[in-house]
>>> print(open('structure-v6.txt').read())   # compact mmCIF, C-alpha atoms
# COMPACT_ATOMS: atom_id res chain seq x y z
CA MET A 1 100.57 5.67 -74.38
CA ASP A 2 103.32 5.92 -71.89
CA VAL A 3 103.01 5.06 -68.30
CA GLU A 4 102.65 8.65 -67.19
CA GLN A 5 99.76 9.28 -69.60
CA GLU A 6 97.95 6.15 -68.36
CA LYS A 7 98.21 7.39 -64.80
CA ARG A 8 96.82 10.75 -65.85
CA HIS A 9 93.73 9.24 -67.66
CA ARG A 10 92.86 6.46 -65.09
CA PRO A 11 89.51 7.25 -63.39
CA ARG A 12 89.87 8.61 -59.88
CA HIS A 13 87.76 6.76 -57.19
CA SER A 14 86.91 8.78 -54.05
CA GLY A 15 86.22 7.17 -50.63
CA LEU A 16 82.56 8.44 -50.58
CA GLY A 17 81.07 5.24 -51.97
CA CYS A 18 82.55 3.10 -49.27
CA LEU A 19 81.54 5.61 -46.64
CA ALA A 20 77.91 5.52 -47.84
CA VAL A 21 77.84 1.77 -47.55
CA VAL A 22 79.27 1.96 -44.05
CA ILE A 23 76.68 4.57 -43.03
CA ALA A 24 73.80 2.60 -44.54
CA PHE A 25 74.94 -0.49 -42.72
CA ALA A 26 75.18 1.46 -39.49
CA VAL A 27 71.67 2.82 -39.95
CA LEU A 28 70.27 -0.64 -40.59
CA ALA A 29 72.14 -2.05 -37.66
CA GLY A 30 70.93 0.77 -35.42
CA GLY A 31 67.32 0.29 -36.53
CA ALA A 32 67.57 -3.41 -35.93
CA TYR A 33 68.95 -2.74 -32.48
CA VAL A 34 66.14 -0.28 -31.67
CA ALA A 35 63.55 -2.76 -32.92
CA TYR A 36 65.18 -5.53 -30.95
CA SER A 37 65.36 -3.42 -27.81
CA SER A 38 61.73 -2.33 -28.12
CA GLY A 39 60.61 -5.89 -28.62
CA VAL A 40 62.58 -7.11 -25.65
CA ASN A 41 61.23 -4.29 -23.45
CA ALA A 42 57.69 -5.01 -24.61
CA LEU A 43 58.11 -8.65 -23.76
CA LYS A 44 59.56 -7.74 -20.41
CA ASP A 45 56.58 -5.43 -19.72
CA ARG A 46 54.21 -8.13 -20.87
CA PHE A 47 55.54 -10.75 -18.53
CA ARG A 48 56.61 -8.52 -15.63
CA SER A 49 54.32 -9.06 -12.60
CA ALA A 50 52.18 -6.08 -11.58
CA ALA A 51 53.14 -4.45 -8.30
CA ASP A 52 51.38 -6.33 -5.52
CA TYR A 53 51.41 -6.73 -1.76
CA SER A 54 51.62 -10.07 -0.01
CA GLY A 55 49.36 -11.21 2.79
CA LYS A 56 45.95 -10.15 4.02
CA GLY A 57 46.79 -6.59 5.00
CA THR A 58 46.29 -4.58 8.16
CA GLY A 59 43.94 -1.99 9.60
CA SER A 60 40.49 -1.27 8.25
CA VAL A 61 39.07 0.70 5.31
CA LEU A 62 35.50 0.96 4.03
CA VAL A 63 35.08 0.27 0.31
CA GLU A 64 31.89 0.72 -1.69
CA VAL A 65 31.18 -1.25 -4.86
CA LYS A 66 28.69 0.81 -6.85
CA GLU A 67 26.02 -0.21 -9.33
CA GLY A 68 27.43 -0.70 -12.82
CA GLN A 69 31.09 -0.86 -11.81
CA SER A 70 33.34 -3.27 -13.69
CA SER A 71 36.22 -5.16 -12.10
CA SER A 72 38.51 -2.55 -13.65
CA ASP A 73 36.58 0.23 -11.87
CA ILE A 74 36.76 -1.70 -8.62
CA ALA A 75 40.50 -2.11 -9.13
CA ASP A 76 40.92 1.66 -9.44
CA THR A 77 38.94 2.20 -6.23
CA LEU A 78 41.02 -0.32 -4.32
CA ALA A 79 44.26 1.24 -5.50
CA LYS A 80 43.12 4.76 -4.56
CA LYS A 81 42.18 3.58 -1.08
CA LYS A 82 45.55 1.82 -0.76
CA VAL A 83 43.92 -1.56 -0.35
CA VAL A 84 46.01 -3.04 -3.19
CA LYS A 85 49.41 -1.88 -4.40
CA SER A 86 48.29 -1.46 -8.01
CA ALA A 87 45.07 -1.58 -9.97
CA GLU A 88 46.83 -3.85 -12.48
CA ALA A 89 47.41 -6.53 -9.86
CA PHE A 90 43.71 -6.67 -9.00
CA ARG A 91 42.69 -6.66 -12.67
CA ASP A 92 45.03 -9.58 -13.34
CA ALA A 93 43.56 -11.50 -10.39
CA ALA A 94 40.00 -10.74 -11.57
CA VAL A 95 40.73 -11.92 -15.11
CA GLN A 96 41.93 -15.25 -13.76
CA ASP A 97 38.87 -15.79 -11.53
CA GLY A 98 35.43 -15.82 -13.20
CA ARG A 99 33.74 -15.21 -9.86
CA ALA A 100 34.88 -11.60 -10.07
CA ARG A 101 31.89 -11.01 -12.36
CA ASN A 102 29.56 -11.73 -9.42
CA ILE A 103 30.85 -9.15 -6.95
CA GLN A 104 27.77 -7.62 -5.34
CA VAL A 105 27.00 -3.95 -4.95
CA GLY A 106 27.43 -2.62 -1.42
CA PHE A 107 29.95 -1.85 1.29
CA TYR A 108 32.85 -4.02 2.40
CA GLU A 109 35.25 -3.68 5.29
CA MET A 110 38.69 -4.27 3.80
CA ARG A 111 42.31 -3.78 4.94
CA HIS A 112 45.23 -1.70 3.77
CA GLN A 113 48.02 -3.39 1.81
CA MET A 114 46.19 -6.57 0.88
CA SER A 115 47.42 -8.83 -1.86
CA ALA A 116 45.21 -8.63 -4.94
CA ALA A 117 44.20 -12.27 -4.43
CA SER A 118 43.16 -11.61 -0.83
CA ALA A 119 41.18 -8.52 -1.81
CA LEU A 120 39.36 -10.44 -4.53
CA SER A 121 38.66 -13.34 -2.19
CA LEU A 122 37.00 -10.97 0.28
CA LEU A 123 34.87 -9.26 -2.38
CA ILE A 124 33.53 -12.40 -4.04
CA ASP A 125 32.15 -13.69 -0.73
CA PRO A 126 28.67 -12.10 -0.26
CA THR A 127 28.77 -12.80 3.48
CA ASN A 128 31.32 -9.98 3.73
CA LEU A 129 28.79 -7.38 2.61
CA LEU A 130 28.21 -4.86 5.38
CA LYS A 131 24.49 -4.38 5.87
CA ASP A 132 21.87 -4.23 8.57
CA SER A 133 18.44 -5.33 7.40
CA VAL A 134 15.35 -3.67 8.85
CA THR A 135 11.84 -4.92 8.07
CA PHE A 136 8.69 -2.81 8.18
CA PRO A 137 5.36 -4.67 7.97
CA GLU A 138 2.35 -3.42 6.08
CA GLY A 139 -0.04 -1.23 8.02
CA TRP A 140 2.42 0.65 10.18
CA THR A 141 2.04 4.36 10.83
CA VAL A 142 4.87 6.88 10.54
CA ARG A 143 5.03 6.94 14.34
CA GLN A 144 5.54 3.17 14.51
CA THR A 145 8.08 3.27 11.69
CA VAL A 146 10.17 5.97 13.35
CA ALA A 147 10.14 4.12 16.68
CA HIS A 148 11.36 0.96 14.93
CA LEU A 149 14.10 2.86 13.09
CA ALA A 150 15.30 4.41 16.34
CA LYS A 151 15.55 0.92 17.82
CA LYS A 152 17.30 -0.68 14.85
CA THR A 153 19.72 2.08 13.81
CA ASP A 154 22.17 4.41 15.49
CA PHE A 155 19.90 7.44 15.17
CA SER A 156 17.33 8.73 17.64
CA ALA A 157 13.65 9.20 16.86
CA ARG A 158 14.27 12.94 17.15
CA ARG A 159 16.72 12.79 14.24
CA TYR A 160 14.12 11.13 12.04
CA ASP A 161 11.42 13.54 13.17
CA ARG A 162 13.64 16.48 12.20
CA VAL A 163 13.89 15.12 8.67
CA LEU A 164 10.15 14.51 8.47
CA ALA A 165 9.52 18.08 9.61
CA ARG A 166 11.04 19.11 6.28
CA PRO A 167 9.42 16.53 4.00
CA GLU A 168 10.81 18.11 0.82
CA GLN A 169 14.09 16.39 1.76
CA ILE A 170 12.72 12.91 1.16
CA GLY A 171 11.04 13.39 -2.22
CA LEU A 172 7.38 12.82 -1.35
CA PRO A 173 5.03 12.84 -4.35
CA SER A 174 3.23 16.16 -4.80
CA TYR A 175 -0.17 14.62 -4.02
CA ALA A 176 1.06 13.66 -0.52
CA LYS A 177 0.99 17.41 0.26
CA GLY A 178 3.99 17.17 2.54
CA ASN A 179 2.54 14.44 4.77
CA PRO A 180 4.61 11.21 4.80
CA GLU A 181 1.82 9.07 6.29
CA GLY A 182 1.25 6.14 3.97
CA TYR A 183 4.31 6.76 1.79
CA LEU A 184 7.09 5.08 3.81
CA PHE A 185 6.76 1.85 1.91
CA PRO A 186 6.64 -1.39 3.94
CA ALA A 187 9.48 -3.71 2.93
CA THR A 188 12.85 -5.04 4.09
CA TYR A 189 15.68 -2.57 3.64
CA ASP A 190 19.44 -2.98 3.81
CA ILE A 191 20.87 -0.10 5.81
CA PRO A 192 24.43 0.66 4.60
CA PRO A 193 27.16 1.93 6.94
CA ASP A 194 27.00 5.45 5.51
CA ALA A 195 23.21 5.76 5.92
CA THR A 196 21.64 8.86 7.44
CA PRO A 197 18.07 9.46 8.65
CA ARG A 198 17.45 11.40 5.45
CA SER A 199 18.82 8.69 3.14
CA ILE A 200 16.87 5.95 4.95
CA LEU A 201 13.54 7.79 4.79
CA LYS A 202 14.16 8.89 1.22
CA GLY A 203 14.90 5.28 0.30
CA MET A 204 11.51 4.24 1.68
CA VAL A 205 9.74 6.94 -0.34
CA ASP A 206 11.70 5.96 -3.44
CA ARG A 207 10.57 2.37 -2.94
CA TYR A 208 6.97 3.61 -2.76
CA LYS A 209 7.46 5.48 -6.03
CA GLU A 210 8.73 2.30 -7.69
CA ALA A 211 5.67 0.36 -6.49
CA SER A 212 3.21 3.07 -7.55
CA ALA A 213 4.83 3.31 -11.00
CA GLN A 214 4.63 -0.47 -11.47
CA LEU A 215 0.93 -0.37 -10.54
CA ASP A 216 0.35 2.68 -12.80
CA LEU A 217 -1.28 4.35 -9.80
CA GLU A 218 -1.85 7.84 -11.16
CA LYS A 219 -3.45 6.72 -14.42
CA LYS A 220 -5.66 4.08 -12.79
CA ALA A 221 -6.70 6.47 -10.02
CA ALA A 222 -7.89 8.91 -12.69
CA GLY A 223 -9.86 6.05 -14.26
CA LEU A 224 -11.67 5.60 -10.95
CA GLY A 225 -12.37 9.32 -10.73
CA ARG A 226 -10.08 9.57 -7.70
CA THR A 227 -6.83 11.36 -6.91
CA PRO A 228 -3.73 9.27 -6.19
CA GLN A 229 -3.89 10.40 -2.56
CA GLU A 230 -7.52 9.26 -2.25
CA VAL A 231 -6.57 5.84 -3.64
CA MET A 232 -3.68 5.62 -1.19
CA THR A 233 -6.04 6.51 1.64
CA VAL A 234 -8.43 3.75 0.52
CA ALA A 235 -5.47 1.35 0.32
CA SER A 236 -4.46 2.23 3.89
CA LEU A 237 -7.99 1.49 5.10
CA ILE A 238 -7.97 -1.86 3.30
CA GLN A 239 -4.62 -2.70 4.86
CA SER A 240 -5.85 -1.75 8.34
CA GLU A 241 -9.28 -3.39 8.16
CA ALA A 242 -8.78 -6.65 6.23
CA ARG A 243 -6.82 -9.60 7.57
CA PHE A 244 -6.59 -11.80 4.48
CA ASP A 245 -5.52 -10.94 0.94
CA LYS A 246 -8.62 -12.68 -0.41
CA ASP A 247 -10.81 -10.07 1.29
CA PHE A 248 -8.92 -7.01 0.06
CA GLN A 249 -10.90 -6.38 -3.11
CA LYS A 250 -14.24 -6.92 -1.38
CA VAL A 251 -13.31 -4.48 1.40
CA SER A 252 -12.26 -2.07 -1.34
CA ARG A 253 -15.69 -2.37 -2.95
CA VAL A 254 -17.47 -1.71 0.36
CA ILE A 255 -15.45 1.48 0.82
CA TYR A 256 -16.30 2.79 -2.65
CA ASN A 257 -19.97 1.74 -2.34
CA ARG A 258 -20.35 3.62 0.95
CA LEU A 259 -18.57 6.69 -0.40
CA ASP A 260 -20.76 6.70 -3.50
CA ALA A 261 -23.88 6.36 -1.34
CA GLY A 262 -22.79 9.24 0.91
CA MET A 263 -22.65 6.96 3.94
CA PRO A 264 -20.07 7.46 6.71
CA LEU A 265 -17.42 4.77 6.61
CA GLN A 266 -17.59 4.14 10.38
CA PHE A 267 -14.21 2.38 10.54
CA ASP A 268 -12.67 1.65 13.90
CA SER A 269 -9.21 1.79 12.31
CA THR A 270 -9.57 5.50 11.59
CA VAL A 271 -10.66 6.16 15.16
CA HIS A 272 -7.68 4.18 16.44
CA TYR A 273 -5.48 6.44 14.34
CA ALA A 274 -7.16 9.54 15.74
CA VAL A 275 -6.67 8.48 19.36
CA GLY A 276 -3.24 6.88 18.84
CA LYS A 277 -4.09 3.28 19.58
CA ASP A 278 -2.12 0.38 18.09
CA GLY A 279 -3.13 -3.26 18.00
CA SER A 280 -6.63 -2.75 19.42
CA VAL A 281 -9.93 -4.02 18.09
CA GLY A 282 -13.21 -2.24 18.58
CA THR A 283 -13.74 1.26 19.91
CA SER A 284 -15.43 2.77 22.93
CA ASN A 285 -18.18 5.39 22.91
CA THR A 286 -15.60 7.90 24.08
CA ASP A 287 -13.31 7.03 21.19
CA ARG A 288 -16.12 7.31 18.65
CA ASN A 289 -17.07 10.76 19.91
CA ILE A 290 -13.61 12.28 19.52
CA ALA A 291 -13.51 15.45 17.45
CA SER A 292 -11.13 14.54 14.63
CA PRO A 293 -11.21 14.59 10.82
CA TYR A 294 -10.13 10.95 11.11
CA ASN A 295 -13.26 9.98 13.04
CA THR A 296 -15.24 8.35 10.24
CA TYR A 297 -18.18 7.74 12.60
CA LYS A 298 -18.78 11.49 12.65
CA VAL A 299 -17.15 12.73 9.44
CA ARG A 300 -18.38 11.52 6.06
CA GLY A 301 -15.96 10.71 3.27
CA LEU A 302 -12.35 9.65 3.43
CA PRO A 303 -9.91 10.71 6.13
CA PRO A 304 -7.66 13.59 5.03
CA THR A 305 -4.60 11.32 4.60
CA PRO A 306 -3.74 7.63 4.65
CA ILE A 307 -3.74 6.19 8.16
CA ALA A 308 -0.92 3.68 7.58
CA ALA A 309 1.48 2.42 4.94
CA PRO A 310 -0.26 -0.05 2.62
CA GLY A 311 1.61 -2.74 0.75
CA ASN A 312 1.40 -3.68 -2.92
CA LYS A 313 -1.67 -5.90 -2.59
CA ALA A 314 -3.69 -3.31 -0.72
CA ILE A 315 -2.83 -0.60 -3.27
CA GLU A 316 -3.73 -2.97 -6.08
CA ALA A 317 -7.07 -3.75 -4.41
CA ALA A 318 -7.80 -0.03 -4.04
CA LEU A 319 -7.24 0.32 -7.78
CA ASN A 320 -9.23 -2.81 -8.66
CA PRO A 321 -12.22 -3.24 -6.33
CA ALA A 322 -14.31 -6.38 -6.70
CA ASP A 323 -17.74 -6.15 -8.31
CA GLY A 324 -20.51 -6.50 -5.76
CA PRO A 325 -23.32 -4.78 -3.81
CA TRP A 326 -21.80 -5.14 -0.33
CA MET A 327 -22.27 -2.16 1.97
CA TYR A 328 -21.01 -3.65 5.25
CA PHE A 329 -18.32 -5.94 6.58
CA VAL A 330 -17.07 -6.94 9.99
CA THR A 331 -14.31 -9.24 11.22
CA THR A 332 -16.35 -11.59 13.33
CA ASN A 333 -13.33 -13.40 14.78
CA PRO A 334 -10.15 -11.30 14.98
CA ASP A 335 -8.20 -14.35 16.16
CA THR A 336 -8.77 -16.13 12.86
CA GLY A 337 -9.39 -13.04 10.73
CA VAL A 338 -12.74 -14.32 9.43
CA THR A 339 -14.57 -11.39 7.82
CA LYS A 340 -18.22 -11.41 6.78
CA PHE A 341 -19.84 -9.14 4.21
CA ALA A 342 -23.45 -8.00 3.98
CA THR A 343 -25.64 -6.01 1.62
CA THR A 344 -28.30 -5.13 4.20
CA TYR A 345 -28.04 -3.57 7.64
CA LYS A 346 -30.15 -6.37 9.11
CA LYS A 347 -27.68 -9.02 7.95
CA HIS A 348 -24.82 -6.84 9.12
CA LEU A 349 -26.26 -6.68 12.65
CA LYS A 350 -26.17 -10.47 12.81
CA ASN A 351 -22.50 -10.39 11.85
CA VAL A 352 -21.82 -7.69 14.46
CA ALA A 353 -23.49 -9.88 17.09
CA ALA A 354 -21.00 -12.64 16.23
CA PHE A 355 -18.15 -10.17 16.72
CA LYS A 356 -19.54 -9.00 20.07
CA LYS A 357 -19.77 -12.60 21.23
CA TRP A 358 -16.08 -13.07 20.42
CA CYS A 359 -15.24 -9.74 22.05
CA SER A 360 -16.96 -10.72 25.32
CA LYS A 361 -14.41 -13.49 25.72
CA SER A 362 -11.33 -11.51 24.70
CA ASP A 363 -9.05 -9.11 26.57
CA THR A 364 -8.23 -7.09 23.45
CA CYS A 365 -11.57 -5.31 23.14
>>> encode(input="structure-v6.txt", output="structure tokens")
Amino acid sequence: MDVEQEKRHRPRHSGLGCLAVVIAFAVLAGGAYVAYSSGVNALKDRFRSAADYSGKGTGSVLVEVKEGQSSSDIADTLAKKKVVKSAEAFRDAAVQDGRARNIQVGFYEMRHQMSAASALSLLIDPTNLLKDSVTFPEGWTVRQTVAHLAKKTDFSARRYDRVLARPEQIGLPSYAKGNPEGYLFPATYDIPPDATPRSILKGMVDRYKEASAQLDLEKKAAGLGRTPQEVMTVASLIQSEARFDKDFQKVSRVIYNRLDAGMPLQFDSTVHYAVGKDGSVGTSNTDRNIASPYNTYKVRGLPPTPIAAPGNKAIEAALNPADGPWMYFVTTNPDTGVTKFATTYKKHLKNVAAFKKWCSKSDTC
């Protein structure tokens, strides 16, 4: 074969094969670069500090931590209110400090543009909670409670009275029949900065509902053959008449025994309620002759409503009276609270004589 023939039969190689290799290499190199870039960016994002302010901030802003909120939820709230620069900064600070798990529910006065660390430091200190505590003792009437609220809060008695004039606003139980007497539960309450007369009074009724549910009031009242309101009225009488917890169940039994026997209760506490007296002992003939459904010297049976707000122990005693035949009792020494019980009127008169002897030496009768 001559040289020309060899040239004609030699396989012809195009440049496509080399080009494919070059392209494949470029694709691999590009993918590697993308992967590398993504990894580097991810690492940068991972280690980049979240946007944060420095210092303790300025101004004032009210922040509420609500029940059930996590530190992440709190972070979102702080960022929205411009307390911290970013929610991420607060979350990072919370993760690094285990005390963040103990942030208490309530209101805090914070500042704008605080560092996340400063914001967290403020929230984990319970002394920074904004609250005014108001205590209501057992045995107070609605009138006394409203007067105390007007003194301890920024609202007038008229504001509270306006709410009570529309009792459906505060969630009274149906058996209260729209009358709040006896259902503003005696306890200590924290009054938050955003409180209103309605929210305060509703909170007291809600607290009553919690107590009555724990005591299973409605079911146990039915077991006694009484309505829940009747039991609450009995409880208010126990609270008003007895001085010591140890006497509560015995006083309860006297009330039920007298009611069952059709006897008038003849309680000075109900007459005091009728005439608007607080802190007195004993009653005058004029008081006892007042025409009122609360005058248990003249009207048989229970008063139409409770006469005061009973506490847990008085309600429990009304639901669980002691066993016994007592028909009478009298506090023979109001200074010490000593109360004597009797089954006969003759014995009761002796106990009354002891009370009168004390009364002759006291200015409170």
>>> atom_distance(input="structure-v6.txt", atom1="CA of Ser284 in chain A", atom2="CA of Pro306 in chain A")
22.2 Å
>>> closest_residue(input="structure-v6.txt", among="A:Val231, A:Val65, A:Ala116, A:Leu319", to="Ser86 in chain A", atoms="only C-alpha atoms")
A:Ala116
>>> atom_distance(input="structure-v6.txt", atom1="CA of Asp206 in chain A", atom2="CA of Phe155 in chain A")
20.4 Å
>>> residues_around(input="structure-v6.txt", residues="range 129-133 of chain A", least_positions_apart="2", cutoff="7 Å", atoms="all atoms listed in the file", output="PyMOL selection string")
chain A and resi 106-108+126-127+135+188-193
>>> atom_distance(input="structure-v6.txt", atom1="CA of Ala242 in chain A", atom2="CA of Pro264 in chain A")
18.1 Å
>>> closest_residue(input="structure-v6.txt", among="A:Arg111, A:Glu241, A:Pro197, A:Ala119", to="Val146 in chain A", atoms="only C-alpha atoms")
A:Pro197
>>> closest_residue(input="structure-v6.txt", among="A:Ala75, A:Val105, A:Leu259, A:Val275", to="Ser292 in chain A", atoms="all atoms listed in the file")
A:Val275
>>> residues_around(input="structure-v6.txt", residues="Leu237 in chain A", least_positions_apart="4", cutoff="8 Å", atoms="all atoms listed in the file", output="list of chain:residue names")
A:Thr233, A:Glu241, A:Ser269, A:Thr270, A:Pro306, A:Ile307, A:Ala308
>>> axis_aligned_box(input="structure-v6.txt", around="range 297-314 of chain A", padding_each_side="4 Å", output="JSON")
{"center_x": -8.6, "center_y": 3.8, "center_z": 4.9, "size_x": 28.4, "size_y": 27.5, "size_z": 23.6}
>>> closest_residue(input="structure-v6.txt", among="A:Met327, A:Asp363, A:Thr283, A:Ile315", to="Arg258 in chain A", atoms="only C-alpha atoms")
A:Met327
>>> residues_around(input="structure-v6.txt", residues="Asp92 in chain A", least_positions_apart="2", cutoff="10 Å", atoms="all atoms listed in the file", output="VMD selection string")
chain A and resid 49 to 50 71 to 72 75 87 to 90 94 to 97 116 to 117
